[in-house]
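Undergrad: Structure incoming, see below.
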Amino acid sequence: MKFVFFFIILFIIIITICFIKEKRQNNTIEFYKSFTVITYDNKPYLETNTKNLIESIQKYNYNFHILGENDLWTGWYGRFKSYQNYVSTLDKEEYVLICDGRDVLLNNQSPQEFMKKATSLCNIDKKIIFGAERHCCCSIPERYGRFPSMNNNETLNNVYKNFMKRQVYKDIPNYKYDYFYLNFGVFFGKVENILSMFSNLNMGKNLDDQGMSYIYFYKNPETIYIDANQELIGNNGHEDCHLVFENNLFKNIKTNTYPVLLHFPGNGHKCYDKVLKMLT
């Protein structure tokens, strides 16, 4: 009888554990699905490279929204305002991934894998995650306050370079790669935090969103996490192409990581074309 009683208790424990595990998995799946990919293309996306991003995220069942179709292109400011206006319509507790369309590809990973990596990097309720690149810096126009153009002022350029390096070493003490610099092309976070950043970015007409984001980061370092290990967001641009294809995924051979999103800023079109051929 003791053995029978023991096995009954054991059976009940196993069933209970399985039930709790399944419930957690179901709740986790719902949590994973609670973010939207937002991109911008002022032309019909099927006529541009944005279609490559959309086709891939549809395959993996990402929620997405495309802004700007048939808009008159008015520069980074116009795109920024489209982002800001749309995000302001969303629930502040939601999460959004905002990314370029024509030079971004999905690295064959699901929303579940995306969120798992995002939550492993930092507290996504507090910080916005930005992709990191090896190249600094974008110009800040001279008419913005007392800041001259970064590209024409070596002292200011070095201030921002040193600041961003310090931030990466603060988050990753033993960091050994060279992706130090924030890239505005792909970022992820909670709606309320992104709206707060947008309202304080001081973005104006004829200004560069990436240059202005450097200033915002400099003033508000506690609000941003730089994905310097290329865990979530991989930037391969400006003739960089540190990617190899293995196990149906692209791996960054410098960091030995498999980013979920692959971004090809600057002159990264050659790398983009190479990756696209192997992903499709």
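Following the order of the structure tokens, first chain is A, next is B, and so on, with residues numbered from 1 inside each chain and ligands from 1 in the order they appear.
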List the neighbours of stretch 39-46 of chain A out to 10 Å using only C-alpha atoms; skip same-chain residues closer than 4 positions along the sequence, and give me the result as a count of residues only.

TA: 30

Undergrad: Compile a residue-level contact table for stretch 43-93 of chain A against stretch 200-207 of chain A at a cut-off of 10 Å, reporting for every qualifying residue the shortest atom pair and its distance in Å to one decimal, with only C-alpha atoms counted, rows ordered by chain and ascending number, as a tab-separated table.

TA:
```
residue	atom	partner	partner_atom	distance
A:Thr74	CA	A:Lys205	CA	8.5
A:Gly75	CA	A:Asn206	CA	7.0
A:Trp76	CA	A:Leu207	CA	7.2
A:Tyr77	CA	A:Lys205	CA	5.4
A:Gly78	CA	A:Lys205	CA	7.9
A:Phe80	CA	A:Met203	CA	8.0
A:Lys81	CA	A:Met203	CA	9.0
```

Undergrad: Write out as a PyMOL selection string each polymer residue whose atoms come within 7 Å of A:Thr257, counting only C-alpha atoms; drop sequence neighbours fewer than 6 positions from it.

TA: chain A and resi 230-231+251

Undergrad: Using only C-alpha atoms, which residues sit within 8 Å of A:His263 once same-chain residues fewer than 5 positions away are excluded, as a PyMOL selection string?

TA: chain A and resi 103-105+185-186+233-237

Undergrad: Put those residues in a file: N, CA and C atoms, as a tab-separated table (two decimals), in the first residue's frame.

TA:
```tsv
chain	number	residue	atom	x	y	z
A	103	ASP	N	16.77	48.09	-45.72
A	103	ASP	CA	18.11	47.51	-45.47
A	103	ASP	C	18.13	46.64	-44.22
A	104	VAL	N	16.99	46.04	-43.88
A	104	VAL	CA	16.89	45.15	-42.71
A	104	VAL	C	16.31	43.81	-43.15
A	105	LEU	N	16.86	42.73	-42.60
A	105	LEU	CA	16.37	41.38	-42.87
A	105	LEU	C	16.20	40.62	-41.56
A	185	GLY	N	18.80	52.93	-36.72
A	185	GLY	CA	18.02	52.18	-37.71
A	185	GLY	C	17.14	51.10	-37.15
A	186	VAL	N	17.49	50.52	-36.00
A	186	VAL	CA	16.68	49.47	-35.38
A	186	VAL	C	16.73	49.65	-33.86
A	233	ILE	N	20.20	42.67	-32.32
A	233	ILE	CA	20.25	43.50	-33.52
A	233	ILE	C	21.68	43.51	-34.06
A	234	GLY	N	21.85	43.05	-35.28
A	234	GLY	CA	23.18	43.03	-35.89
A	234	GLY	C	23.32	44.10	-36.95
A	235	ASN	N	24.34	44.94	-36.84
A	235	ASN	CA	24.61	45.96	-37.85
A	235	ASN	C	25.85	45.59	-38.66
A	236	ASN	N	25.65	45.39	-39.95
A	236	ASN	CA	26.77	45.09	-40.85
A	236	ASN	C	26.70	46.05	-42.03
A	237	GLY	N	27.32	47.19	-41.88
A	237	GLY	CA	27.28	48.19	-42.93
A	237	GLY	C	28.64	48.82	-43.13
```

Undergrad: Which residues of stretch 98-135 of chain A have any atom within 12 Å of an atom in stretch 160-167 of chain A when counting only C-alpha atoms, and what is the closest pair of atoms for each, with the distance in Å to one decimal? Order the rows by chain and rising number and write it as a tab-separated table.

TA:
```
residue	atom	partner	partner_atom	distance
A:Ala132	CA	A:Met164	CA	10.1
A:Glu133	CA	A:Met164	CA	11.1
A:Arg134	CA	A:Lys161	CA	10.6
A:His135	CA	A:Lys161	CA	9.5
```

Undergrad: Could you write those residues out with N, CA and C atoms, as a PDB file, in the first residue's frame?

TA:
```
ATOM      1  N   ALA A 132      24.054  48.262 -32.311  1.00  0.00           N
ATOM      2  CA  ALA A 132      25.359  48.929 -32.236  1.00  0.00           C
ATOM      3  C   ALA A 132      26.135  48.717 -33.528  1.00  0.00           C
ATOM      4  N   GLU A 133      26.927  49.699 -33.900  1.00  0.00           N
ATOM      5  CA  GLU A 133      27.780  49.574 -35.087  1.00  0.00           C
ATOM      6  C   GLU A 133      29.200  49.997 -34.763  1.00  0.00           C
ATOM      7  N   ARG A 134      30.088  49.797 -35.725  1.00  0.00           N
ATOM      8  CA  ARG A 134      31.508  50.062 -35.514  1.00  0.00           C
ATOM      9  C   ARG A 134      31.898  51.482 -35.909  1.00  0.00           C
ATOM     10  N   HIS A 135      30.958  52.237 -36.458  1.00  0.00           N
ATOM     11  CA  HIS A 135      31.313  53.531 -37.040  1.00  0.00           C
ATOM     12  C   HIS A 135      30.596  54.679 -36.342  1.00  0.00           C
TER      13      HIS A 135
END
```
